[in-house]
>>> print(open('query_14.txt').read())   # compact mmCIF, C-alpha atoms
# COMPACT_ATOMS: atom_id res chain seq x y z
CA MET A 1 10.28 1.75 -26.69
CA ASN A 2 6.61 2.66 -26.73
CA ILE A 3 4.66 1.23 -23.79
CA ILE A 4 0.86 0.88 -23.74
CA LEU A 5 -1.23 0.13 -20.67
CA ALA A 6 -4.33 -1.74 -21.91
CA SER A 7 -6.48 -0.77 -18.93
CA LYS A 8 -8.83 2.07 -18.09
CA SER A 9 -8.18 1.79 -14.34
CA PRO A 10 -6.92 5.10 -12.92
CA ARG A 11 -5.21 3.19 -10.09
CA ARG A 12 -3.16 1.08 -12.55
CA ARG A 13 -2.19 4.27 -14.38
CA GLU A 14 -1.08 5.79 -11.08
CA LEU A 15 0.98 2.71 -10.15
CA LEU A 16 2.74 2.51 -13.51
CA THR A 17 3.54 6.23 -13.30
CA MET A 18 5.07 5.58 -9.86
CA LEU A 19 7.69 3.38 -11.53
CA GLY A 20 8.90 6.36 -13.56
CA LEU A 21 7.79 4.84 -16.88
CA GLU A 22 6.29 6.81 -19.74
CA PHE A 23 3.36 5.11 -21.42
CA ASP A 24 0.09 5.56 -23.28
CA VAL A 25 -3.26 4.29 -22.06
CA ILE A 26 -5.41 2.41 -24.58
CA PRO A 27 -8.05 0.39 -22.72
CA ALA A 28 -9.09 -2.99 -24.14
CA VAL A 29 -12.83 -3.15 -24.76
CA GLY A 30 -13.35 -6.85 -25.58
CA GLU A 31 -15.65 -9.20 -23.73
CA GLU A 32 -14.23 -10.77 -20.61
CA ASN A 33 -15.12 -14.44 -21.04
CA VAL A 34 -14.14 -16.58 -18.09
CA ASP A 35 -13.72 -20.34 -18.32
CA GLU A 36 -15.17 -21.49 -15.02
CA SER A 37 -12.93 -24.56 -14.88
CA LEU A 38 -9.80 -22.42 -14.46
CA THR A 39 -8.15 -21.74 -11.10
CA PRO A 40 -8.18 -18.12 -9.82
CA GLY A 41 -4.57 -17.61 -10.97
CA GLU A 42 -5.28 -19.04 -14.42
CA THR A 43 -8.42 -16.92 -14.67
CA VAL A 44 -6.71 -13.58 -14.02
CA MET A 45 -3.77 -14.47 -16.30
CA SER A 46 -6.22 -15.39 -19.07
CA LEU A 47 -8.14 -12.10 -18.64
CA ALA A 48 -4.90 -10.07 -18.56
CA LEU A 49 -3.64 -11.80 -21.73
CA GLY A 50 -6.95 -11.19 -23.50
CA LYS A 51 -6.68 -7.46 -22.84
CA ALA A 52 -3.02 -7.28 -23.86
CA ARG A 53 -3.63 -9.28 -27.07
CA GLU A 54 -6.48 -7.03 -28.16
CA ILE A 55 -4.28 -3.94 -27.99
CA ALA A 56 -1.08 -5.66 -29.21
CA GLU A 57 -2.85 -6.66 -32.43
CA GLN A 58 -3.65 -3.01 -33.11
CA HIS A 59 -0.17 -1.77 -32.07
CA PRO A 60 2.32 -4.46 -33.07
CA GLY A 61 5.37 -2.19 -32.56
CA SER A 62 4.63 -1.44 -28.89
CA LEU A 63 5.10 -3.18 -25.57
CA VAL A 64 1.60 -3.81 -24.21
CA ILE A 65 0.70 -4.43 -20.55
CA GLY A 66 -2.64 -6.05 -19.65
CA SER A 67 -3.89 -6.74 -16.16
CA ASP A 68 -6.95 -8.03 -14.36
CA THR A 69 -7.85 -8.28 -10.68
CA LEU A 70 -10.36 -10.54 -8.96
CA VAL A 71 -11.32 -10.91 -5.28
CA TYR A 72 -11.94 -14.42 -3.94
CA LEU A 73 -13.47 -15.61 -0.70
CA ASP A 74 -13.34 -19.35 -0.02
CA GLY A 75 -12.30 -19.85 -3.65
CA LYS A 76 -15.37 -18.06 -5.05
CA PRO A 77 -15.05 -14.77 -6.96
CA MET A 78 -16.70 -11.62 -5.55
CA GLY A 79 -17.79 -9.09 -8.14
CA LYS A 80 -18.91 -5.51 -7.78
CA PRO A 81 -22.11 -5.00 -5.76
CA SER A 82 -25.26 -4.19 -7.71
CA ASP A 83 -26.84 -2.29 -4.83
CA GLU A 84 -26.29 -1.30 -1.20
CA ALA A 85 -27.89 -4.46 0.17
CA GLU A 86 -25.47 -6.61 -1.82
CA ALA A 87 -22.53 -4.45 -0.70
CA ALA A 88 -23.59 -4.91 2.94
CA ASN A 89 -23.83 -8.68 2.42
CA MET A 90 -20.32 -8.84 0.92
CA LEU A 91 -18.88 -6.82 3.80
CA ARG A 92 -20.61 -9.15 6.30
CA GLN A 93 -18.99 -12.11 4.51
CA LEU A 94 -15.51 -10.49 4.59
CA SER A 95 -15.81 -9.44 8.27
CA GLY A 96 -13.29 -11.17 10.52
CA ARG A 97 -11.94 -13.30 7.65
CA VAL A 98 -8.95 -13.51 5.32
CA HIS A 99 -9.71 -13.36 1.60
CA GLN A 100 -7.54 -13.43 -1.52
CA VAL A 101 -6.88 -10.84 -4.20
CA PHE A 102 -5.49 -12.23 -7.46
CA THR A 103 -4.05 -9.98 -10.16
CA GLY A 104 -2.91 -11.33 -13.50
CA VAL A 105 -0.42 -9.38 -15.56
CA ALA A 106 0.52 -9.93 -19.21
CA VAL A 107 3.28 -8.32 -21.26
CA ILE A 108 3.39 -8.63 -25.05
CA HIS A 109 6.47 -7.33 -26.86
CA GLU A 110 7.84 -8.18 -30.31
CA GLY A 111 5.44 -11.11 -30.62
CA VAL A 112 6.49 -12.68 -27.30
CA GLU A 113 3.75 -13.15 -24.69
CA LYS A 114 4.46 -13.38 -20.97
CA ALA A 115 1.80 -13.84 -18.29
CA ASP A 116 1.97 -14.32 -14.56
CA PHE A 117 -0.08 -13.53 -11.45
CA GLU A 118 0.27 -12.64 -7.78
CA LYS A 119 -1.94 -13.58 -4.85
CA THR A 120 -2.27 -11.40 -1.75
CA ASP A 121 -4.05 -12.42 1.44
CA VAL A 122 -6.12 -9.61 2.95
CA GLN A 123 -7.28 -9.71 6.58
CA PHE A 124 -10.51 -7.98 7.60
CA ARG A 125 -11.20 -7.28 11.26
CA GLU A 126 -14.67 -7.93 12.67
CA LEU A 127 -17.08 -5.24 11.46
CA THR A 128 -20.15 -4.09 13.33
CA GLU A 129 -23.45 -3.43 11.52
CA GLU A 130 -22.95 0.25 12.36
CA GLU A 131 -19.56 0.28 10.63
CA ILE A 132 -20.98 -1.46 7.55
CA LYS A 133 -23.77 1.12 7.40
CA TRP A 134 -21.27 3.98 7.83
CA TYR A 135 -18.98 2.58 5.11
CA ILE A 136 -21.82 2.14 2.61
CA GLY A 137 -22.77 5.74 3.36
CA THR A 138 -19.34 6.83 2.09
CA LYS A 139 -20.31 5.34 -1.35
CA GLU A 140 -16.81 3.85 -1.60
CA PRO A 141 -17.97 0.20 -1.86
CA MET A 142 -20.30 0.64 -4.84
CA ASP A 143 -17.88 0.38 -7.79
CA LYS A 144 -15.41 -2.09 -6.26
CA ALA A 145 -15.00 -5.85 -6.41
CA GLY A 146 -15.64 -7.22 -2.93
CA SER A 147 -17.34 -3.92 -1.99
CA TYR A 148 -14.25 -2.28 -0.49
CA GLY A 149 -11.25 -0.18 -1.43
CA ILE A 150 -8.00 -0.77 0.43
CA GLN A 151 -6.78 2.66 -0.64
CA GLY A 152 -9.56 4.67 0.93
CA GLN A 153 -11.74 4.58 4.00
CA GLY A 154 -11.78 0.78 3.70
CA ALA A 155 -8.21 0.89 5.05
CA VAL A 156 -9.58 1.09 8.60
CA PHE A 157 -11.08 -2.40 8.25
CA ILE A 158 -7.77 -4.03 7.25
CA PRO A 159 -5.18 -4.64 10.00
CA GLY A 160 -2.84 -6.41 7.62
CA ILE A 161 -2.08 -8.17 4.37
CA SER A 162 0.35 -10.85 3.36
CA GLY A 163 1.89 -10.38 -0.08
CA ASP A 164 2.17 -7.51 -2.55
CA TYR A 165 0.11 -4.44 -1.58
CA PHE A 166 0.15 -3.06 -5.12
CA ASN A 167 -1.37 -6.35 -6.28
CA VAL A 168 -4.44 -5.48 -4.19
CA MET A 169 -4.53 -2.05 -5.87
CA GLY A 170 -4.48 -3.75 -9.30
CA LEU A 171 -0.88 -4.17 -10.50
CA PRO A 172 1.86 -6.34 -8.93
CA LEU A 173 4.75 -3.94 -9.51
CA CYS A 174 7.64 -6.19 -8.47
CA LYS A 175 6.37 -9.04 -10.68
CA LEU A 176 5.65 -6.71 -13.61
CA TRP A 177 9.13 -5.18 -13.38
CA SER A 178 10.73 -8.63 -13.71
CA MET A 179 8.69 -9.16 -16.90
CA LEU A 180 9.80 -5.92 -18.59
CA PRO A 181 12.96 -5.50 -20.69
CA LYS A 182 15.72 -3.91 -18.61
CA VAL A 183 15.46 -0.15 -18.56
CA GLN A 184 18.38 2.00 -19.57
CA GLY A 185 20.90 2.44 -16.81
CA GLU A 186 19.52 -0.34 -14.61
CA MET B 1 -13.92 18.21 17.22
CA ASN B 2 -10.71 19.84 16.07
CA ILE B 3 -8.05 17.31 15.01
CA ILE B 4 -4.34 18.18 14.71
CA LEU B 5 -1.71 16.03 13.00
CA ALA B 6 1.59 16.77 14.78
CA SER B 7 3.76 15.72 11.84
CA LYS B 8 5.26 17.44 8.83
CA SER B 9 5.26 14.24 6.74
CA PRO B 10 3.30 14.75 3.49
CA ARG B 11 2.61 11.02 3.36
CA ARG B 12 0.95 11.04 6.80
CA ARG B 13 -1.15 13.99 5.72
CA GLU B 14 -2.19 12.09 2.60
CA LEU B 15 -3.11 8.98 4.62
CA LEU B 16 -5.18 10.89 7.17
CA THR B 17 -6.98 12.68 4.33
CA MET B 18 -7.77 9.27 2.83
CA LEU B 19 -9.85 8.49 5.92
CA GLY B 20 -12.15 11.40 5.15
CA LEU B 21 -11.10 13.33 8.27
CA GLU B 22 -10.66 17.09 8.42
CA PHE B 23 -7.61 18.19 10.36
CA ASP B 24 -4.91 20.81 10.77
CA VAL B 25 -1.19 20.12 10.48
CA ILE B 26 1.05 21.53 13.23
CA PRO B 27 4.39 19.71 13.21
CA ALA B 28 6.17 19.09 16.51
CA VAL B 29 9.66 20.55 16.52
CA GLY B 30 11.09 19.14 19.76
CA GLU B 31 14.22 17.04 20.03
CA GLU B 32 13.76 13.34 19.42
CA ASN B 33 15.60 11.77 22.32
CA VAL B 34 15.71 8.00 22.17
CA ASP B 35 16.39 5.83 25.22
CA GLU B 36 18.54 3.07 23.75
CA SER B 37 17.33 0.52 26.30
CA LEU B 38 13.81 0.57 24.83
CA THR B 39 12.50 -2.07 22.40
CA PRO B 40 11.65 -0.90 18.83
CA GLY B 41 7.93 -0.78 19.68
CA GLU B 42 8.54 1.19 22.89
CA THR B 43 10.86 3.56 21.02
CA VAL B 44 8.35 4.53 18.32
CA MET B 45 5.53 4.86 20.88
CA SER B 46 7.73 7.12 22.98
CA LEU B 47 8.65 9.29 19.98
CA ALA B 48 5.00 9.48 18.84
CA LEU B 49 3.88 10.49 22.36
CA GLY B 50 6.59 13.14 22.55
CA LYS B 51 5.34 14.78 19.37
CA ALA B 52 1.69 14.58 20.40
CA ARG B 53 2.39 16.00 23.89
CA GLU B 54 4.30 18.99 22.51
CA ILE B 55 1.34 20.02 20.35
CA ALA B 56 -1.36 19.00 22.87
CA GLU B 57 0.17 21.37 25.46
CA GLN B 58 -0.23 24.26 23.03
CA HIS B 59 -3.73 23.21 21.90
CA PRO B 60 -5.46 21.64 24.92
CA GLY B 61 -8.93 21.72 23.31
CA SER B 62 -7.94 19.61 20.29
CA LEU B 63 -7.43 15.94 19.53
CA VAL B 64 -3.75 15.55 18.65
CA ILE B 65 -2.22 12.70 16.64
CA GLY B 66 1.53 12.03 16.82
CA SER B 67 3.41 9.36 14.93
CA ASP B 68 6.95 8.12 14.32
CA THR B 69 8.36 5.44 12.01
CA LEU B 70 11.64 3.53 12.27
CA VAL B 71 13.16 0.84 10.06
CA TYR B 72 14.94 -2.07 11.78
CA LEU B 73 17.19 -4.78 10.36
CA ASP B 74 18.24 -7.53 12.77
CA GLY B 75 16.90 -5.38 15.63
CA LYS B 76 19.09 -2.39 14.74
CA PRO B 77 17.58 0.90 13.54
CA MET B 78 18.42 2.17 10.04
CA GLY B 79 18.38 5.93 9.63
CA LYS B 80 18.44 8.11 6.54
CA PRO B 81 21.59 7.81 4.43
CA SER B 82 24.07 10.67 4.65
CA ASP B 83 25.41 10.07 1.13
CA GLU B 84 25.11 7.77 -1.88
CA ALA B 85 27.74 5.34 -0.60
CA GLU B 86 25.80 4.85 2.63
CA ALA B 87 22.54 4.42 0.70
CA ALA B 88 24.18 1.72 -1.44
CA ASN B 89 25.42 -0.04 1.70
CA MET B 90 21.95 -0.02 3.29
CA LEU B 91 20.39 -1.41 0.10
CA ARG B 92 23.03 -4.19 0.01
CA GLN B 93 22.11 -5.04 3.62
CA LEU B 94 18.37 -5.15 2.83
CA SER B 95 18.85 -7.21 -0.36
CA GLY B 96 17.28 -10.67 -0.15
CA ARG B 97 16.20 -10.15 3.47
CA VAL B 98 13.12 -9.39 5.55
CA HIS B 99 13.28 -6.28 7.72
CA GLN B 100 10.82 -4.59 10.07
CA VAL B 101 9.08 -1.23 9.93
CA PHE B 102 7.71 0.02 13.26
CA THR B 103 5.32 2.95 13.49
CA GLY B 104 4.17 4.35 16.81
CA VAL B 105 0.96 6.34 17.02
CA ALA B 106 -0.27 8.49 19.89
CA VAL B 107 -3.62 10.18 20.40
CA ILE B 108 -4.17 12.81 23.07
CA HIS B 109 -7.70 14.07 23.68
CA GLU B 110 -9.23 15.77 26.71
CA GLY B 111 -6.15 14.98 28.76
CA VAL B 112 -6.23 11.24 27.99
CA GLU B 113 -3.15 9.79 26.31
CA LYS B 114 -3.23 6.65 24.17
CA ALA B 115 -0.22 5.14 22.43
CA ASP B 116 0.28 1.98 20.42
CA PHE B 117 2.42 0.70 17.53
CA GLU B 118 2.34 -1.65 14.56
CA LYS B 119 5.11 -3.78 13.08
CA THR B 120 5.21 -4.74 9.40
CA ASP B 121 7.64 -7.24 7.89
CA VAL B 122 8.98 -6.10 4.50
CA GLN B 123 10.60 -8.57 2.10
CA PHE B 124 13.32 -7.39 -0.30
CA ARG B 125 14.27 -9.54 -3.27
CA GLU B 126 17.95 -10.01 -4.18
CA LEU B 127 19.27 -6.79 -5.76
CA THR B 128 22.12 -6.62 -8.27
CA GLU B 129 24.80 -3.91 -8.04
CA GLU B 130 23.38 -2.51 -11.31
CA GLU B 131 19.91 -2.19 -9.74
CA ILE B 132 21.33 -0.48 -6.66
CA LYS B 133 23.20 1.97 -8.87
CA TRP B 134 20.08 2.60 -10.96
CA TYR B 135 17.94 3.16 -7.85
CA ILE B 136 20.41 5.59 -6.29
CA GLY B 137 20.36 7.43 -9.63
CA THR B 138 16.62 8.03 -9.16
CA LYS B 139 17.48 10.04 -5.95
CA GLU B 140 14.58 8.34 -4.20
CA PRO B 141 16.72 6.73 -1.43
CA MET B 142 18.37 9.90 -0.17
CA ASP B 143 15.74 11.27 2.25
CA LYS B 144 14.34 7.96 3.47
CA ALA B 145 15.01 5.72 6.47
CA GLY B 146 16.50 2.48 5.18
CA SER B 147 17.28 4.20 1.83
CA TYR B 148 14.08 3.13 0.07
CA GLY B 149 10.52 4.23 -0.50
CA ILE B 150 7.85 1.54 -0.80
CA GLN B 151 5.57 4.02 -2.53
CA GLY B 152 7.83 4.82 -5.44
CA GLN B 153 10.34 3.09 -7.63
CA GLY B 154 11.45 1.08 -4.59
CA ALA B 155 8.21 -0.90 -5.05
CA VAL B 156 9.94 -3.07 -7.67
CA PHE B 157 12.33 -4.43 -5.01
CA ILE B 158 9.53 -5.58 -2.69
CA PRO B 159 7.64 -8.76 -3.63
CA GLY B 160 5.60 -8.70 -0.45
CA ILE B 161 4.94 -7.50 3.06
CA SER B 162 3.28 -9.02 6.08
CA GLY B 163 1.23 -6.59 8.14
CA ASP B 164 -0.23 -3.12 7.59
CA TYR B 165 0.96 -1.45 4.37
CA PHE B 166 0.04 2.02 5.62
CA ASN B 167 2.26 1.40 8.63
CA VAL B 168 5.21 1.23 6.21
CA MET B 169 4.07 4.55 4.71
CA GLY B 170 4.04 6.08 8.19
CA LEU B 171 0.61 5.73 9.78
CA PRO B 172 -1.14 2.46 10.78
CA LEU B 173 -4.65 3.48 9.74
CA CYS B 174 -6.59 0.53 11.15
CA LYS B 175 -4.89 0.89 14.54
CA LEU B 176 -5.28 4.69 14.57
CA TRP B 177 -8.99 4.39 13.75
CA SER B 178 -9.54 2.16 16.78
CA MET B 179 -7.90 4.85 18.96
CA LEU B 180 -10.12 7.71 17.76
CA PRO B 181 -13.51 8.61 19.24
CA LYS B 182 -16.32 7.21 17.09
CA VAL B 183 -17.15 9.49 14.17
CA GLN B 184 -20.68 10.66 13.61
CA GLY B 185 -22.80 8.08 11.82
CA GLU B 186 -20.39 5.21 12.32
>>> encode(input="query_14.txt", output="C-alpha cells")
Amino acid sequence: MNIILASKSPRRRELLTMLGLEFDVIPAVGEENVDESLTPGETVMSLALGKAREIAEQHPGSLVIGSDTLVYLDGKPMGKPSDEAEAANMLRQLSGRVHQVFTGVAVIHEGVEKADFEKTDVQFRELTEEEIKWYIGTKEPMDKAGSYGIQGQGAVFIPGISGDYFNVMGLPLCKLWSMLPKVQGE
Amino acid sequence: MNIILASKSPRRRELLTMLGLEFDVIPAVGEENVDESLTPGETVMSLALGKAREIAEQHPGSLVIGSDTLVYLDGKPMGKPSDEAEAANMLRQLSGRVHQVFTGVAVIHEGVEKADFEKTDVQFRELTEEEIKWYIGTKEPMDKAGSYGIQGQGAVFIPGISGDYFNVMGLPLCKLWSMLPKVQGE
C-alpha cells in the first residue's frame, strides 16, 4: 500500500517516520479557506480533508494523509506572528494561561474519507518581559502559530500539557493509527 | 560556565541540546542503591543527586546535572523487561490504565545542591494481544522501563498524558530551567 503525506511540515514527516511507516511526501498547495462559523475541531478537520482530497484526486490508488494544526486562546485562533512585536504580544497573552492546540487529521483510501481531530491543553507558566525578549532573540517564535515551539527552547515555558503531545507537534499519532488499515503482523 | 550532563542517555542529551545549551557528557557509573521506604518522588531525586554528586566531586568547577526516571503502576516501580514474555506482561498491565512517570533532576553548582522531580500521568488505551505481539516484534520495548517508548512506535498506544512530556522522555525541561542560573540575555 502506497502512503502519501499531503503536508510539507518536517515535523509531521518526522512523526510519521517514528511509526515505522514508509511513505511519500506530496504537499497540498490549495488555498486554505476557513468557514468562520465552524468550531475549532470542525475547522481543522475541514482543512485536513481539503489537503487530503487535493492529493487523493491526483493519486487515486494511494492512501493519503492530510493534517492541519491551529492554536486557540479563549476560542480565538492564533496565527504566525508577522513581526517581533506581534510575537511578543502573543507570548504575553499566553503567559500564565492554558490554551488549546487542535489538529485535524484526514485519511482517504479507496474512495473512503475519514476525518477526526484531537485537542490538547497546553499550560504556559508566567513569563517575564526579559524571558520574552530572550525567546524572541532565539528566532524560534517567528515561523510558528502562537509564536512558540514546544519542541525547542519554548519547552522551558511549558510545565505541562493535558492530551496528546504529538498533537501539539502537528499529528495525533494514536488517533491517526486507529484510522489506518491494520498493518501486517499487528 | 562549564555544564556537565551526568547521564549516558541519548534522549537526555538530545533534550538538553534542544535548550540551546552547550555541555559535556560524563555519565555517572556508581551503584544505584534505592531505599525502599522512600516515595517515588524521593527515590528519583535521591538517584539523580547520587549521579550528580559522583561527577561534581570529580569536576568541582562545573555545573553538574543528574537525572533519573522511573515508571510506576499502582505505586510499584516497573523496570526494564528481562525477556519478551516479561515485556508482554508489563504491556498487559499498562493496557487501558493510567500510570506515572517520575523523573528526578539534580543540579550541583559551586557546592550548592538542588534537587526536584516531576510526575507525569500517562494514559494507555486498551491493547489487543495482536498489538502486544506486533509491538514486541518491533524490539522497541526491550531496553525500556515499563516496556514502552513514548517517542517511538509506542506513541500509538498513548492517547494522552497529563504533565510534562519531556519528563516522560527523561528530563523535565521546564523544571530544570528554573533550577539553572540565568543564562546571558535572558
>>> interface_residues(input="query_14.txt", of="chain B", to="chain A", cutoff="6 Å", atoms="all atoms listed in the file", output="list in words")
Met18, Leu19, Glu130, Glu131, Trp134, Gly152, Gln153, Val156, Pro159, Gly160, Ile161, Ser162, Gly163, Asp164, Leu173, Cys174, Gly185 and Glu186 of chain B
>>> residues_around(input="query_14.txt", residues="Thr43 in chain B", least_positions_apart="2", cutoff="10 Å", atoms="all atoms listed in the file", output="VMD selection string")
chain B and resid 33 to 41 45 to 49 68 to 70 102 to 104 117
>>> atom_distance(input="query_14.txt", atom1="CA of Leu63 in chain B", atom2="CA of Pro10 in chain B")
19.3 Å
>>> atom_distance(input="query_14.txt", atom1="CA of Pro181 in chain A", atom2="CA of Leu5 in chain A")
15.3 Å
>>> decode(input="query_14.txt", residues="range 167-177 of chain B", atoms="all heavy atoms", output="short mmCIF file (atom, residue, chain, number, x, y, z; two decimals), in the first residue's frame")
data_model
loop_
_atom_site.label_atom_id
_atom_site.label_comp_id
_atom_site.auth_asym_id
_atom_site.auth_seq_id
_atom_site.Cartn_x
_atom_site.Cartn_y
_atom_site.Cartn_z
N ASN B 167 9.43 15.12 30.64
CA ASN B 167 9.63 14.32 31.85
C ASN B 167 9.54 12.82 31.52
O ASN B 167 10.31 12.01 32.04
CB ASN B 167 8.54 14.70 32.85
CG ASN B 167 8.81 14.21 34.25
OD1 ASN B 167 9.88 14.46 34.79
ND2 ASN B 167 7.84 13.50 34.82
N VAL B 168 8.59 12.47 30.65
CA VAL B 168 8.44 11.06 30.25
C VAL B 168 9.65 10.63 29.42
O VAL B 168 10.11 9.48 29.51
CB VAL B 168 7.13 10.85 29.45
CG1 VAL B 168 6.92 9.39 29.11
CG2 VAL B 168 5.93 11.40 30.21
N MET B 169 10.21 11.54 28.65
CA MET B 169 11.41 11.24 27.86
C MET B 169 12.67 11.20 28.72
O MET B 169 13.70 10.70 28.26
CB MET B 169 11.60 12.26 26.75
CG MET B 169 10.75 12.00 25.52
SD MET B 169 11.17 13.20 24.22
CE MET B 169 12.84 12.67 23.76
N GLY B 170 12.61 11.75 29.93
CA GLY B 170 13.75 11.61 30.83
C GLY B 170 14.34 12.87 31.41
O GLY B 170 15.29 12.80 32.19
N LEU B 171 13.77 14.04 31.08
CA LEU B 171 14.31 15.28 31.64
C LEU B 171 13.21 16.35 31.65
O LEU B 171 12.77 16.78 30.58
CB LEU B 171 15.50 15.76 30.80
CG LEU B 171 16.56 16.64 31.44
CD1 LEU B 171 17.19 16.03 32.67
CD2 LEU B 171 17.65 16.97 30.41
N PRO B 172 12.75 16.77 32.83
CA PRO B 172 11.68 17.79 32.90
C PRO B 172 12.27 19.17 32.62
O PRO B 172 12.83 19.82 33.51
CB PRO B 172 11.17 17.67 34.33
CG PRO B 172 12.32 17.13 35.12
CD PRO B 172 13.18 16.32 34.18
N LEU B 173 12.16 19.62 31.37
CA LEU B 173 12.91 20.78 30.90
C LEU B 173 12.51 22.07 31.60
O LEU B 173 13.36 22.90 31.92
CB LEU B 173 12.76 20.93 29.39
CG LEU B 173 13.37 19.80 28.57
CD1 LEU B 173 13.15 20.03 27.07
CD2 LEU B 173 14.87 19.67 28.85
N CYS B 174 11.20 22.24 31.81
CA CYS B 174 10.72 23.48 32.43
C CYS B 174 11.25 23.57 33.87
O CYS B 174 11.76 24.60 34.29
CB CYS B 174 9.20 23.51 32.38
SG CYS B 174 8.46 25.07 32.87
N LYS B 175 11.15 22.47 34.58
CA LYS B 175 11.66 22.40 35.97
C LYS B 175 13.18 22.61 36.00
O LYS B 175 13.69 23.40 36.81
CB LYS B 175 11.32 21.01 36.54
CG LYS B 175 11.83 20.72 37.92
CD LYS B 175 11.03 21.38 38.99
CE LYS B 175 9.69 20.67 39.20
NZ LYS B 175 8.86 21.36 40.22
N LEU B 176 13.90 21.91 35.13
CA LEU B 176 15.36 22.04 35.10
C LEU B 176 15.77 23.49 34.85
O LEU B 176 16.68 24.01 35.50
CB LEU B 176 15.94 21.13 34.01
CG LEU B 176 17.43 21.32 33.70
CD1 LEU B 176 18.30 21.06 34.93
CD2 LEU B 176 17.86 20.44 32.53
N TRP B 177 15.09 24.14 33.90
CA TRP B 177 15.41 25.52 33.54
C TRP B 177 15.34 26.43 34.76
O TRP B 177 16.19 27.31 34.96
CB TRP B 177 14.46 26.01 32.45
CG TRP B 177 14.87 27.28 31.77
CD1 TRP B 177 14.33 28.52 31.95
CD2 TRP B 177 15.89 27.42 30.77
NE1 TRP B 177 14.95 29.43 31.13
CE2 TRP B 177 15.91 28.78 30.40
CE3 TRP B 177 16.78 26.54 30.17
CZ2 TRP B 177 16.79 29.27 29.43
CZ3 TRP B 177 17.66 27.04 29.21
CH2 TRP B 177 17.66 28.38 28.86
#
